[in-house]
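Structure file my_file36.txt with compact mmCIF, C-alpha atoms and all ligand atoms:
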```txt
# COMPACT_ATOMS: atom_id res chain seq x y z
CA MET D 1 -30.99 0.56 -87.88
CA VAL D 2 -34.52 0.16 -89.21
CA PRO D 3 -35.01 1.05 -92.89
CA VAL D 4 -37.82 3.42 -93.77
CA ALA D 5 -39.79 3.07 -97.01
CA PRO D 6 -38.14 5.46 -99.50
CA GLY D 7 -39.94 8.79 -99.70
CA MET D 8 -41.58 8.31 -96.27
CA MET D 9 -40.35 10.64 -93.57
CA GLU D 10 -41.00 8.69 -90.39
CA LYS D 11 -41.44 10.65 -87.16
CA LEU D 12 -40.44 9.77 -83.63
CA LYS D 13 -43.49 9.86 -81.39
CA TYR D 14 -42.76 11.13 -77.89
CA LYS D 15 -45.21 12.56 -75.32
CA GLU D 16 -47.96 13.60 -77.77
CA ARG D 17 -45.34 15.06 -80.08
CA GLU D 18 -44.12 13.89 -83.45
CA LEU D 19 -40.46 14.74 -83.90
CA SER D 20 -38.98 15.26 -87.36
CA LEU D 21 -35.46 13.88 -87.32
CA ARG D 22 -32.95 13.53 -90.13
CA ARG D 23 -29.63 11.74 -90.46
CA PHE D 24 -26.47 13.49 -91.62
CA PRO D 25 -25.09 13.88 -94.17
CA LEU D 26 -28.53 14.80 -95.54
CA ARG D 27 -29.74 12.62 -98.40
CA GLU D 28 -32.88 13.19 -100.41
CA LYS D 29 -34.13 9.61 -100.24
CA GLU D 30 -32.73 8.50 -96.91
CA PRO D 31 -33.71 4.89 -96.29
CA LEU D 32 -32.57 4.84 -92.62
CA ARG D 33 -34.11 6.39 -89.53
CA ALA D 34 -32.24 9.00 -87.51
CA TRP D 35 -32.87 7.04 -84.29
CA ASP D 36 -33.04 3.42 -83.16
CA ALA D 37 -35.10 1.34 -80.74
CA ALA D 38 -32.51 1.90 -78.00
CA ASP D 39 -33.31 5.65 -78.16
CA GLU D 40 -37.02 4.88 -77.81
CA HIS D 41 -36.25 2.46 -74.99
CA LEU D 42 -34.35 5.19 -73.10
CA LEU D 43 -37.22 7.63 -73.61
CA LYS D 44 -39.76 5.03 -72.44
CA PHE D 45 -37.69 4.45 -69.31
CA LEU D 46 -37.58 8.18 -68.54
CA ASP D 47 -41.35 8.37 -68.98
CA ASP D 48 -41.73 5.70 -66.30
CA GLU D 49 -39.03 7.13 -64.03
CA PRO D 50 -38.66 10.85 -64.74
CA CYS D 51 -35.67 12.67 -63.34
CA ALA D 52 -35.95 15.14 -60.48
CA ALA D 53 -36.38 18.84 -61.30
CA GLY D 54 -33.07 20.65 -61.59
CA SER D 55 -31.10 17.48 -62.43
CA ARG D 56 -28.04 18.03 -64.57
CA VAL D 57 -28.25 15.75 -67.59
CA LEU D 58 -25.57 14.47 -69.97
CA ILE D 59 -26.24 12.50 -73.15
CA PHE D 60 -23.32 10.63 -74.69
CA ASN D 61 -23.19 9.54 -78.35
CA ASP D 62 -26.64 10.78 -79.38
CA ALA D 63 -26.43 9.82 -83.07
CA PHE D 64 -28.34 12.70 -84.67
CA GLY D 65 -29.89 14.42 -81.66
CA ALA D 66 -33.05 12.29 -81.20
CA LEU D 67 -32.58 12.13 -77.41
CA ALA D 68 -31.55 15.76 -77.01
CA VAL D 69 -34.53 16.97 -79.07
CA ALA D 70 -37.03 14.78 -77.17
CA LEU D 71 -35.55 15.69 -73.77
CA ASN D 72 -34.88 19.34 -74.56
CA GLU D 73 -36.75 20.59 -71.50
CA LEU D 74 -34.15 18.86 -69.28
CA ARG D 75 -31.48 21.15 -70.78
CA PRO D 76 -29.04 18.32 -71.50
CA GLN D 77 -25.46 18.59 -72.72
CA VAL D 78 -24.42 16.31 -75.59
CA TRP D 79 -20.98 14.67 -75.67
CA SER D 80 -19.89 13.08 -78.93
CA ASP D 81 -16.94 12.44 -81.24
CA SER D 82 -18.92 13.04 -84.42
CA PHE D 83 -19.13 16.27 -86.39
CA LEU D 84 -22.04 14.76 -88.34
CA ALA D 85 -23.82 14.19 -85.02
CA ARG D 86 -23.24 17.87 -84.23
CA LEU D 87 -24.74 18.94 -87.56
CA GLY D 88 -27.65 16.55 -87.06
CA LEU D 89 -28.30 17.86 -83.55
CA ALA D 90 -28.40 21.51 -84.66
CA HIS D 91 -30.60 20.74 -87.68
CA ASN D 92 -33.03 18.54 -85.77
CA LEU D 93 -33.41 21.00 -82.90
CA GLU D 94 -34.37 23.75 -85.34
CA ALA D 95 -36.61 21.43 -87.37
CA ASN D 96 -38.62 20.89 -84.19
CA GLY D 97 -38.89 24.57 -83.26
CA LEU D 98 -36.03 24.54 -80.74
CA ALA D 99 -32.98 26.80 -80.70
CA ALA D 100 -29.83 25.10 -82.00
CA GLN D 101 -27.89 26.61 -79.08
CA SER D 102 -30.30 25.20 -76.49
CA VAL D 103 -28.17 22.03 -76.25
CA PRO D 104 -24.44 22.57 -75.71
CA PHE D 105 -22.39 20.16 -77.82
CA VAL D 106 -19.11 19.02 -76.28
CA ALA D 107 -16.64 17.29 -78.63
CA ALA D 108 -15.08 14.03 -77.42
CA ASP D 109 -11.66 15.66 -77.10
CA GLY D 110 -13.21 18.11 -74.59
CA VAL D 111 -14.83 17.70 -71.18
CA PRO D 112 -18.49 18.47 -70.40
CA GLU D 113 -19.30 20.59 -67.38
CA GLY D 114 -20.54 18.36 -64.54
CA PRO D 115 -21.44 17.24 -62.00
CA PHE D 116 -24.21 15.21 -63.65
CA ASP D 117 -27.16 13.62 -61.86
CA LEU D 118 -28.44 11.68 -64.87
CA VAL D 119 -26.32 10.30 -67.69
CA LEU D 120 -27.81 8.63 -70.77
CA LEU D 121 -25.22 6.71 -72.74
CA LYS D 122 -25.59 5.15 -76.18
CA LEU D 123 -23.06 2.37 -76.70
CA PRO D 124 -20.48 3.35 -79.32
CA LYS D 125 -18.98 0.88 -81.80
CA SER D 126 -15.46 1.02 -80.33
CA LEU D 127 -14.88 -0.58 -76.93
CA ALA D 128 -11.69 1.46 -76.45
CA PHE D 129 -13.74 4.64 -76.94
CA TRP D 130 -16.34 3.28 -74.49
CA GLU D 131 -13.70 2.53 -71.85
CA ASP D 132 -12.08 5.94 -72.29
CA THR D 133 -15.46 7.68 -72.04
CA LEU D 134 -16.38 5.88 -68.82
CA LEU D 135 -13.00 6.72 -67.28
CA ARG D 136 -13.39 10.37 -68.21
CA LEU D 137 -17.01 10.42 -67.06
CA ARG D 138 -16.30 9.14 -63.55
CA PRO D 139 -15.03 12.45 -62.09
CA LEU D 140 -18.00 14.28 -63.66
CA LEU D 141 -20.66 12.34 -61.76
CA ALA D 142 -22.66 13.64 -58.79
CA PRO D 143 -22.89 11.21 -55.83
CA GLU D 144 -25.51 8.54 -56.60
CA ALA D 145 -25.85 9.71 -60.19
CA ARG D 146 -28.20 7.60 -62.34
CA ILE D 147 -26.44 6.12 -65.33
CA VAL D 148 -28.50 4.42 -68.04
CA THR D 149 -26.89 2.83 -71.09
CA GLY D 150 -28.86 1.93 -74.21
CA GLY D 151 -27.80 -0.22 -77.11
CA MET D 152 -29.14 -2.58 -79.73
CA ILE D 153 -28.61 -6.11 -78.41
CA LYS D 154 -26.63 -7.26 -81.44
CA HIS D 155 -24.21 -4.35 -80.92
CA SER D 156 -23.88 -4.75 -77.14
CA PRO D 157 -20.95 -7.02 -76.23
CA ALA D 158 -20.71 -8.39 -72.68
CA ARG D 159 -17.40 -6.53 -72.31
CA ALA D 160 -19.27 -3.19 -72.55
CA TYR D 161 -21.23 -4.06 -69.40
CA GLU D 162 -18.12 -5.37 -67.63
CA LEU D 163 -16.47 -2.00 -68.25
CA LEU D 164 -19.50 -0.17 -66.82
CA GLU D 165 -19.33 -2.34 -63.74
CA SER D 166 -15.58 -2.02 -63.16
CA ILE D 167 -15.30 1.69 -63.91
CA LEU D 168 -18.58 3.20 -62.68
CA GLY D 169 -20.32 0.75 -60.36
CA PRO D 170 -22.74 -2.16 -59.95
CA THR D 171 -24.61 -2.67 -63.22
CA ARG D 172 -27.72 -4.68 -64.06
CA THR D 173 -29.22 -5.18 -67.48
CA GLY D 174 -32.96 -4.94 -68.09
CA GLN D 175 -35.23 -6.96 -70.35
CA GLY D 176 -34.84 -6.62 -74.09
CA TRP D 177 -37.37 -4.44 -75.91
CA ARG D 178 -37.55 -4.35 -79.72
CA LYS D 179 -34.05 -5.85 -79.92
CA SER D 180 -32.60 -3.15 -77.64
CA ARG D 181 -31.42 -3.36 -74.06
CA LEU D 182 -30.82 -0.90 -71.24
CA ALA D 183 -28.24 -1.25 -68.48
CA PHE D 184 -28.57 0.52 -65.14
CA THR D 185 -25.45 1.47 -63.20
CA ALA D 186 -25.53 2.62 -59.59
CA PHE D 187 -22.71 5.06 -59.01
CA PRO D 188 -21.81 4.83 -55.33
CA ALA D 189 -22.07 7.99 -53.24
CA ASP D 190 -18.40 7.73 -52.27
CA GLY D 191 -17.03 5.88 -55.30
CA ALA D 192 -16.08 2.97 -52.95
CA GLY D 193 -15.29 -0.37 -54.54
CA ILE D 194 -14.63 1.16 -57.95
CA SER D 195 -11.22 0.47 -59.46
CA SER D 196 -8.90 3.43 -59.42
CA GLN D 197 -7.59 3.44 -62.97
CA SER D 198 -6.11 6.46 -64.70
CA THR D 199 -8.63 9.03 -65.94
CA ASN D 200 -8.31 8.17 -69.61
CA LEU D 201 -6.94 5.54 -71.97
CA PRO D 202 -3.53 6.47 -73.32
CA ASP D 203 -3.14 6.81 -77.09
CA ALA D 204 -2.06 3.65 -78.89
CA ALA D 205 0.94 4.22 -81.18
CA TYR D 206 2.82 2.44 -83.94
CA THR D 207 5.33 3.32 -86.64
CA LEU D 208 5.15 2.35 -90.30
CA ASP D 209 7.34 -0.60 -91.35
CA GLY D 210 10.84 0.55 -92.23
CA ASP D 211 9.88 4.15 -91.51
CA ASP D 212 10.08 6.36 -88.45
CA LEU D 213 6.64 7.95 -88.99
CA LEU D 214 4.96 7.72 -85.60
CA LEU D 215 1.16 7.37 -85.58
CA ASN D 216 -0.63 8.09 -82.31
CA ASN D 217 -4.24 6.98 -82.12
CA GLY D 218 -6.86 8.11 -79.65
CA PRO D 219 -9.49 5.62 -78.44
CA ASN D 220 -12.00 6.35 -81.20
CA VAL D 221 -9.52 6.59 -84.07
CA PHE D 222 -9.90 4.17 -86.97
CA SER D 223 -7.59 1.13 -86.79
CA ARG D 224 -6.26 2.29 -83.44
CA ASP D 225 -3.57 -0.32 -82.79
CA HIS D 226 -2.32 -1.35 -86.22
CA LEU D 227 -2.03 -0.03 -89.74
CA ASP D 228 -5.23 -0.91 -91.62
CA LEU D 229 -4.60 -3.53 -94.33
CA GLY D 230 -6.35 -1.43 -96.98
CA THR D 231 -4.27 1.61 -96.08
CA ARG D 232 -1.14 -0.55 -96.20
CA PHE D 233 -2.11 -1.66 -99.72
CA LEU D 234 -2.64 1.95 -100.88
CA LEU D 235 0.56 3.49 -99.47
CA PRO D 236 3.00 2.31 -102.22
CA HIS D 237 0.68 3.84 -104.84
CA LEU D 238 0.73 7.37 -103.43
CA PRO D 239 2.60 9.76 -105.75
CA ARG D 240 6.25 10.65 -105.17
CA THR D 241 7.09 13.92 -106.93
CA ASP D 242 8.44 17.43 -106.47
CA VAL D 243 5.70 18.95 -108.66
CA PRO D 244 3.54 21.38 -106.62
CA MET D 245 0.01 20.13 -106.01
CA GLU D 246 -3.05 20.68 -103.84
CA VAL D 247 -4.20 17.51 -102.13
CA VAL D 248 -7.08 16.39 -99.88
CA ASP D 249 -6.76 13.41 -97.53
CA LEU D 250 -10.47 12.67 -97.18
CA GLY D 251 -11.48 10.77 -94.03
CA SER D 252 -7.94 11.26 -92.79
CA GLY D 253 -8.16 9.27 -89.52
CA ASN D 254 -4.75 9.49 -87.83
CA GLY D 255 -3.44 11.30 -90.93
CA VAL D 256 -1.35 8.43 -92.29
CA LEU D 257 -2.08 8.95 -96.01
CA GLY D 258 -1.59 12.72 -95.90
CA LEU D 259 1.57 12.47 -93.81
CA VAL D 260 3.22 9.91 -96.08
CA LEU D 261 2.25 12.02 -99.08
CA ALA D 262 3.64 15.19 -97.49
CA ARG D 263 7.00 13.50 -96.99
CA GLN D 264 7.34 12.14 -100.51
CA CYS D 265 5.78 15.12 -102.35
CA VAL D 266 7.79 17.97 -100.87
CA ARG D 267 5.93 20.76 -102.69
CA ALA D 268 2.44 19.41 -102.06
CA LYS D 269 -0.02 21.31 -99.85
CA ILE D 270 -2.34 18.95 -98.09
CA VAL D 271 -5.56 19.29 -96.16
CA GLY D 272 -6.80 16.30 -94.14
CA LEU D 273 -10.49 16.16 -93.21
CA ASP D 274 -12.28 13.86 -90.81
CA GLU D 275 -15.61 13.95 -89.01
CA SER D 276 -14.05 12.54 -85.80
CA TYR D 277 -12.70 15.12 -83.37
CA GLN D 278 -10.34 12.59 -81.85
CA ALA D 279 -8.98 11.61 -85.27
CA VAL D 280 -8.23 15.23 -86.16
CA ALA D 281 -6.57 15.86 -82.78
CA CYS D 282 -4.33 12.79 -83.32
CA ALA D 283 -3.52 13.67 -86.93
CA ARG D 284 -2.39 17.14 -85.82
CA LYS D 285 -0.23 15.60 -83.12
CA ASN D 286 1.25 13.14 -85.67
CA ALA D 287 2.02 15.97 -88.10
CA ARG D 288 3.84 17.92 -85.38
CA ALA D 289 5.81 14.82 -84.39
CA ALA D 290 6.81 14.37 -88.05
CA GLY D 291 8.05 17.97 -88.19
CA LEU D 292 5.41 19.02 -90.74
CA ASP D 293 3.90 22.44 -90.13
CA GLU D 294 0.51 23.79 -91.24
CA THR D 295 1.92 25.31 -94.43
CA ARG D 296 2.50 21.71 -95.62
CA ILE D 297 -0.37 19.80 -94.05
CA ARG D 298 -3.30 20.83 -91.90
CA PHE D 299 -6.11 18.76 -90.45
CA GLN D 300 -9.67 19.94 -89.93
CA VAL D 301 -12.93 18.52 -88.56
CA GLU D 302 -15.43 18.36 -91.43
CA GLY D 303 -18.30 16.23 -92.66
CA GLY D 304 -17.15 15.76 -96.25
CA LEU D 305 -15.95 18.32 -98.77
CA GLN D 306 -18.84 20.84 -98.86
CA GLY D 307 -16.64 23.62 -97.48
CA LEU D 308 -14.04 23.38 -100.29
CA PRO D 309 -14.16 25.38 -103.53
CA ALA D 310 -14.99 23.65 -106.83
CA ALA D 311 -12.26 22.64 -109.33
CA SER D 312 -9.37 23.55 -107.03
CA PHE D 313 -7.50 20.32 -106.11
CA ASP D 314 -5.15 18.04 -108.03
CA LEU D 315 -5.60 14.92 -105.96
CA VAL D 316 -8.00 13.40 -103.41
CA VAL D 317 -6.77 10.31 -101.55
CA CYS D 318 -9.23 8.25 -99.57
CA ASN D 319 -9.76 4.96 -97.78
CA PRO D 320 -13.54 5.42 -97.60
CA PRO D 321 -15.59 4.43 -94.56
CA PHE D 322 -18.02 1.56 -95.04
CA HIS D 323 -20.11 2.21 -91.97
CA GLN D 324 -21.53 5.11 -90.00
CA ALA D 325 -21.49 4.11 -86.33
CA GLN D 326 -23.08 0.62 -86.48
CA ALA D 327 -24.92 1.18 -89.80
CA VAL D 328 -23.02 -0.53 -92.63
CA GLY D 329 -23.34 0.81 -96.17
CA ASP D 330 -21.62 2.62 -99.01
CA GLN D 331 -23.67 5.82 -98.80
CA ILE D 332 -20.93 7.89 -97.17
CA ALA D 333 -18.34 6.68 -99.71
CA TRP D 334 -20.70 7.43 -102.59
CA GLY D 335 -21.23 10.97 -101.26
CA MET D 336 -17.45 11.38 -100.95
CA PHE D 337 -16.91 10.35 -104.60
CA HIS D 338 -19.49 12.90 -105.77
CA GLN D 339 -17.94 15.65 -103.69
CA SER D 340 -14.43 14.74 -104.87
CA ARG D 341 -15.44 15.10 -108.48
CA ARG D 342 -16.72 18.61 -107.73
CA ILE D 343 -13.54 19.87 -106.04
CA LEU D 344 -11.03 18.31 -108.47
CA LYS D 345 -9.50 20.42 -111.27
CA PRO D 346 -9.69 19.13 -114.85
CA GLY D 347 -7.04 16.40 -114.94
CA GLY D 348 -7.36 15.99 -111.14
CA ARG D 349 -7.50 12.45 -109.70
CA LEU D 350 -9.36 10.57 -107.02
CA LEU D 351 -7.24 7.70 -105.66
CA ILE D 352 -8.95 5.22 -103.34
CA VAL D 353 -8.49 1.80 -101.80
CA SER D 354 -11.44 -0.45 -101.08
CA ASN D 355 -12.47 -4.02 -100.52
CA ARG D 356 -12.85 -5.64 -103.94
CA HIS D 357 -16.36 -6.89 -103.29
CA LEU D 358 -17.75 -3.36 -102.87
CA GLY D 359 -17.57 -2.85 -106.64
CA TYR D 360 -16.63 0.85 -106.43
CA HIS D 361 -15.06 0.79 -109.90
CA VAL D 362 -18.59 0.62 -111.39
CA LYS D 363 -19.69 3.63 -109.37
CA LEU D 364 -16.55 5.62 -110.21
CA LYS D 365 -16.85 4.86 -113.89
CA ARG D 366 -20.44 6.04 -113.85
CA LEU D 367 -19.48 9.26 -112.09
CA PHE D 368 -16.16 10.15 -113.79
CA GLY D 369 -16.56 8.33 -117.09
CA ASN D 370 -13.36 6.38 -116.37
CA CYS D 371 -11.75 4.30 -113.66
CA ALA D 372 -8.35 2.60 -113.76
CA VAL D 373 -7.37 -0.33 -111.57
CA VAL D 374 -3.96 0.71 -110.19
CA ALA D 375 -3.41 -2.45 -108.15
CA SER D 376 -5.41 -5.35 -106.80
CA ASN D 377 -5.00 -8.48 -104.71
CA ARG D 378 -7.50 -11.02 -103.41
CA LYS D 379 -8.99 -8.61 -100.91
CA PHE D 380 -8.30 -5.01 -101.98
CA VAL D 381 -8.28 -2.83 -105.04
CA VAL D 382 -6.67 0.58 -105.60
CA LEU D 383 -8.71 2.63 -108.05
CA GLN D 384 -8.07 5.92 -109.80
CA ALA D 385 -10.68 8.11 -111.49
CA THR D 386 -9.64 11.24 -113.40
CA VAL D 387 -11.66 14.38 -114.17
CA SER D 388 -11.55 14.83 -117.93
C1 LIG D 401 -11.56 3.79 -93.30
S1 LIG D 401 -11.16 5.14 -92.29
C2 LIG D 401 -9.63 5.69 -93.04
C3 LIG D 401 -8.75 6.50 -92.11
C4 LIG D 401 -7.34 6.79 -92.66
N1 LIG D 401 -7.42 7.55 -93.88
C5 LIG D 401 -6.57 5.51 -92.88
O1 LIG D 401 -6.36 5.17 -94.05
O2 LIG D 401 -6.21 4.87 -91.89
C6 LIG D 401 -12.36 6.34 -92.77
C7 LIG D 401 -12.34 7.65 -92.00
O3 LIG D 401 -13.37 8.47 -92.54
C8 LIG D 401 -13.94 9.24 -91.49
N2 LIG D 401 -15.26 9.70 -91.94
C9 LIG D 401 -16.43 9.01 -91.96
N3 LIG D 401 -17.40 9.77 -92.50
C10 LIG D 401 -16.85 10.96 -92.81
C11 LIG D 401 -17.34 12.16 -93.41
N4 LIG D 401 -18.60 12.28 -93.80
N5 LIG D 401 -16.47 13.20 -93.57
C12 LIG D 401 -15.18 13.08 -93.19
N6 LIG D 401 -14.67 11.96 -92.63
C13 LIG D 401 -15.48 10.93 -92.46
C14 LIG D 401 -13.93 8.28 -90.30
O4 LIG D 401 -13.98 8.99 -89.08
C15 LIG D 401 -12.60 7.53 -90.51
O5 LIG D 401 -11.55 8.14 -89.82
```
Could you render the structure from this file as structure tokens?
Ligand SMILES: C[S@@+](CC[C@H](N)C(=O)[O-])C[C@H]1O[C@@H](n2cnc3c(N)ncnc32)[C@H](O)[C@@H]1O
Amino acid sequence: MVPVAPGMMEKLKYKERELSLRRFPLREKEPLRAWDAADEHLLKFLDDEPCAAGSRVLIFNDAFGALAVALNELRPQVWSDSFLARLGLAHNLEANGLAAQSVPFVAADGVPEGPFDLVLLKLPKSLAFWEDTLLRLRPLLAPEARIVTGGMIKHSPARAYELLESILGPTRTGQGWRKSRLAFTAFPADGAGISSQSTNLPDAAYTLDGDDLLLNNGPNVFSRDHLDLGTRFLLPHLPRTDVPMEVVDLGSGNGVLGLVLARQCVRAKIVGLDESYQAVACARKNARAAGLDETRIRFQVEGGLQGLPAASFDLVVCNPPFHQAQAVGDQIAWGMFHQSRRILKPGGRLLIVSNRHLGYHVKLKRLFGNCAVVASNRKFVVLQATVS
């Protein structure tokens, strides 16, 4: 992701137009662009080889709507697992004089309405999510559909192209352009020669050590096939009490923190929030399997805590994300800490785990005026900040 000079709002130039595009969550001094060279590469390709009138177009994993805004006249559908991408899409359409509803957004746990003649795919970070998407895409393709995949070369593993080839059809990669690459897949008219695998990847599942809590994980769910080491380090430090309390599991993933908390704090009411549709679907499934109904714990798709009232929670637990798609950074975590402070009651606590080297205790101390180290080892630290 190319940084932009702070204060400069760079615009994407496309067909005599200059498109204003912003990343989500919105930040005043956003140093990163809302698009990458792979988006521009895809647009350049379509300029050279436009699609036929009346083609049905699908765009997968459009980060903040750059492709859908630029290609609005093709009436594309957008398919994505990110609520922040959905917010970005709606905002950026309107910012460029287009109706937010002009591009239907289909969440990754749903199915877009095909058949599609042209599919533009941006490579996601997770290969399991990529494989699942390609399997689910196959029945949605028109005969001889054109499938073009864009990615930054450093984030494009060979396995991603192998999956294209084995699931959708013969694939060739083009020349690199500004560190991005496109791949072109020819979907056969009759699907011949393409492996007949099932139409999606099954959930991966594991149970916690010494516990029967079953955690199902969809293809795009964080730490899909094992308990994350940071989460493992935080679990013994979650409260165990019968005092009533209102809790948020922020960035809940498969729901593990909230579910463990619900079982050991029997009078707690918990809300789990995640920006991934697949994560929320899995967390709900995991809560049902654990026999916990919505009066105890409910999961919701959200991009942070904006929707929650101020000074109304006793505890926020969080294993904060340290990247947004392929862009690494602590900006999302920093936003989460700010929002947590707003929704916590006086005396309320934010309890997080993080990699030691990220130095979050400095940030938390600055924000809350205090920060206690609850536990630490060579790699992780559990920190607690309290609203005074
Ligand atoms: C490090 S994972 C932790 C998941 C889970 N709590 C665990 O411990 O296994 C961070 C989670 O935050 C989610 N996330 C990222 N940005 C978010 C945002 N702005 N709002 C809500 N969730 C977000 C990601 O989808 C991911 O599931």
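Distance check against Gln264 (chain D) using all atoms listed in the file: of D:Pro188, D:Pro346, D:Gly176, D:Pro244, the minimum falls on D:Pro244.
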Have a look at D:Gly291, D:Gly303, D:Pro143, D:Pro124 and name the one nearest to ligand LIG 401 (chain D); count only C-alpha atoms and all ligand atoms. D:Gly303
Determine, for each residue of region 83-144 of chain D having at least one atom at most 8 Å from an atom of region 195-216 of chain D, the closest pair of atoms and their separation in Å to one decimal, counting only C-alpha atoms; order by chain and ascending number, as a tab-separated table.
```
residue	atom	partner	partner_atom	distance
D:Ala128	CA	D:Leu201	CA	7.7
D:Glu131	CA	D:Leu201	CA	7.4
D:Asp132	CA	D:Asn200	CA	5.1
D:Thr133	CA	D:Asn200	CA	7.6
D:Leu135	CA	D:Thr199	CA	5.1
D:Arg136	CA	D:Thr199	CA	5.4
```
Using all atoms listed in the file, which residues have at least one atom no more than 7 Å from ligand LIG 401 (chain D)? Output them as a ChimeraX atom specification. /D:25,84,221-223,227-228,231,249-257,273-276,279,302-304,318-321,324,332
Per-residue nearest contacts of region 146-233 of chain D to region 39-61 of chain D (12 Å; only C-alpha atoms) as a tab-separated table:
```
residue	atom	partner	partner_atom	distance
D:Arg146	CA	D:Cys51	CA	9.1
D:Ile147	CA	D:Leu58	CA	9.6
D:Val148	CA	D:Leu42	CA	7.8
D:Thr149	CA	D:Leu42	CA	8.1
D:Gly150	CA	D:Leu42	CA	6.5
D:Gly151	CA	D:Asp39	CA	8.1
D:Met152	CA	D:Asp39	CA	9.4
D:Ile153	CA	D:His41	CA	12.0
D:Gly174	CA	D:Phe45	CA	10.6
D:Gln175	CA	D:His41	CA	10.6
D:Gly176	CA	D:His41	CA	9.2
D:Trp177	CA	D:His41	CA	7.1
D:Arg178	CA	D:His41	CA	8.4
D:Lys179	CA	D:His41	CA	9.9
D:Ser180	CA	D:His41	CA	7.2
D:Arg181	CA	D:His41	CA	7.6
D:Leu182	CA	D:Leu42	CA	7.3
D:Ala183	CA	D:Leu42	CA	10.0
D:Phe184	CA	D:Phe45	CA	10.8
D:Asn220	CA	D:Asn61	CA	12.0
```
I need the residues from that last selection saved to file as a compact mmCIF listing (two decimals), in the frame of the given file (with C-alpha atoms), if you can.
```
# COMPACT_ATOMS: atom_id res chain seq x y z
CA ARG D 146 -28.20 7.60 -62.34
CA ILE D 147 -26.44 6.12 -65.33
CA VAL D 148 -28.50 4.42 -68.04
CA THR D 149 -26.89 2.83 -71.09
CA GLY D 150 -28.86 1.93 -74.21
CA GLY D 151 -27.80 -0.22 -77.11
CA MET D 152 -29.14 -2.58 -79.73
CA ILE D 153 -28.61 -6.11 -78.41
CA GLY D 174 -32.96 -4.94 -68.09
CA GLN D 175 -35.23 -6.96 -70.35
CA GLY D 176 -34.84 -6.62 -74.09
CA TRP D 177 -37.37 -4.44 -75.91
CA ARG D 178 -37.55 -4.35 -79.72
CA LYS D 179 -34.05 -5.85 -79.92
CA SER D 180 -32.60 -3.15 -77.64
CA ARG D 181 -31.42 -3.36 -74.06
CA LEU D 182 -30.82 -0.90 -71.24
CA ALA D 183 -28.24 -1.25 -68.48
CA PHE D 184 -28.57 0.52 -65.14
CA ASN D 220 -12.00 6.35 -81.20
```
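Excluding Leu344 (chain D) and any residue on its chain fewer than 2 positions from it, the residues at most 8 Å away by all atoms listed in the file are Ala310, Ala311, Ser312, Phe313, Asp314, Leu315, Val316, Ser340, Arg341, Arg342, Pro346, Gly347, Gly348, Arg349 and Val387 of chain D.
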Dump C-alpha atoms for the selected residues as a tab-separated table (two decimals), in the coordinates of the input?
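Output contents, as saved in out_34.tsv:
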```
chain	number	residue	atom	x	y	z
D	310	ALA	CA	-14.99	23.65	-106.83
D	311	ALA	CA	-12.26	22.64	-109.33
D	312	SER	CA	-9.37	23.55	-107.03
D	313	PHE	CA	-7.50	20.32	-106.11
D	314	ASP	CA	-5.15	18.04	-108.03
D	315	LEU	CA	-5.60	14.92	-105.96
D	316	VAL	CA	-8.00	13.40	-103.41
D	340	SER	CA	-14.43	14.74	-104.87
D	341	ARG	CA	-15.44	15.10	-108.48
D	342	ARG	CA	-16.72	18.61	-107.73
D	346	PRO	CA	-9.69	19.13	-114.85
D	347	GLY	CA	-7.04	16.40	-114.94
D	348	GLY	CA	-7.36	15.99	-111.14
D	349	ARG	CA	-7.50	12.45	-109.70
D	387	VAL	CA	-11.66	14.38	-114.17
```
Interface rows for region 163-235 of chain D against region 358-376 of chain D: nearest pair, Å to one decimal, 12 Å, only C-alpha atoms, as CSV:
```
residue,atom,partner,partner_atom,distance
D:Gly230,CA,D:Ser376,CA,10.6
D:Phe233,CA,D:Ala375,CA,8.6
D:Leu234,CA,D:Ala375,CA,8.5
D:Leu235,CA,D:Ala375,CA,11.2
```
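Distance check against Ser156 (chain D) using all atoms listed in the file: of D:Lys29, D:Lys122, D:His91, D:Lys269, the minimum falls on D:Lys122.
The space separating CA of Phe116 (chain D) from CA of Glu144 (chain D) comes to 9.8 Å.
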Missing atoms in region 293-299 of chain D: fill them in up to N, CA and C atoms and send the result as a CSV table (one decimal), in the frame of the given file.
```
chain,number,residue,atom,x,y,z
D,293,ASP,N,4.7,21.4,-90.7
D,293,ASP,CA,3.9,22.4,-90.1
D,293,ASP,C,2.7,22.7,-91.0
D,294,GLU,N,1.8,23.6,-90.6
D,294,GLU,CA,0.5,23.8,-91.2
D,294,GLU,C,0.6,24.4,-92.6
D,295,THR,N,1.8,24.9,-93.0
D,295,THR,CA,1.9,25.3,-94.4
D,295,THR,C,2.0,24.1,-95.4
D,296,ARG,N,2.4,22.9,-94.8
D,296,ARG,CA,2.5,21.7,-95.6
D,296,ARG,C,1.2,20.9,-95.5
D,297,ILE,N,0.8,20.7,-94.2
D,297,ILE,CA,-0.4,19.8,-94.0
D,297,ILE,C,-1.2,20.3,-92.8
D,298,ARG,N,-2.5,20.4,-93.0
D,298,ARG,CA,-3.3,20.8,-91.9
D,298,ARG,C,-4.5,19.9,-91.9
D,299,PHE,N,-5.0,19.7,-90.6
D,299,PHE,CA,-6.1,18.8,-90.4
D,299,PHE,C,-7.3,19.5,-89.9
```
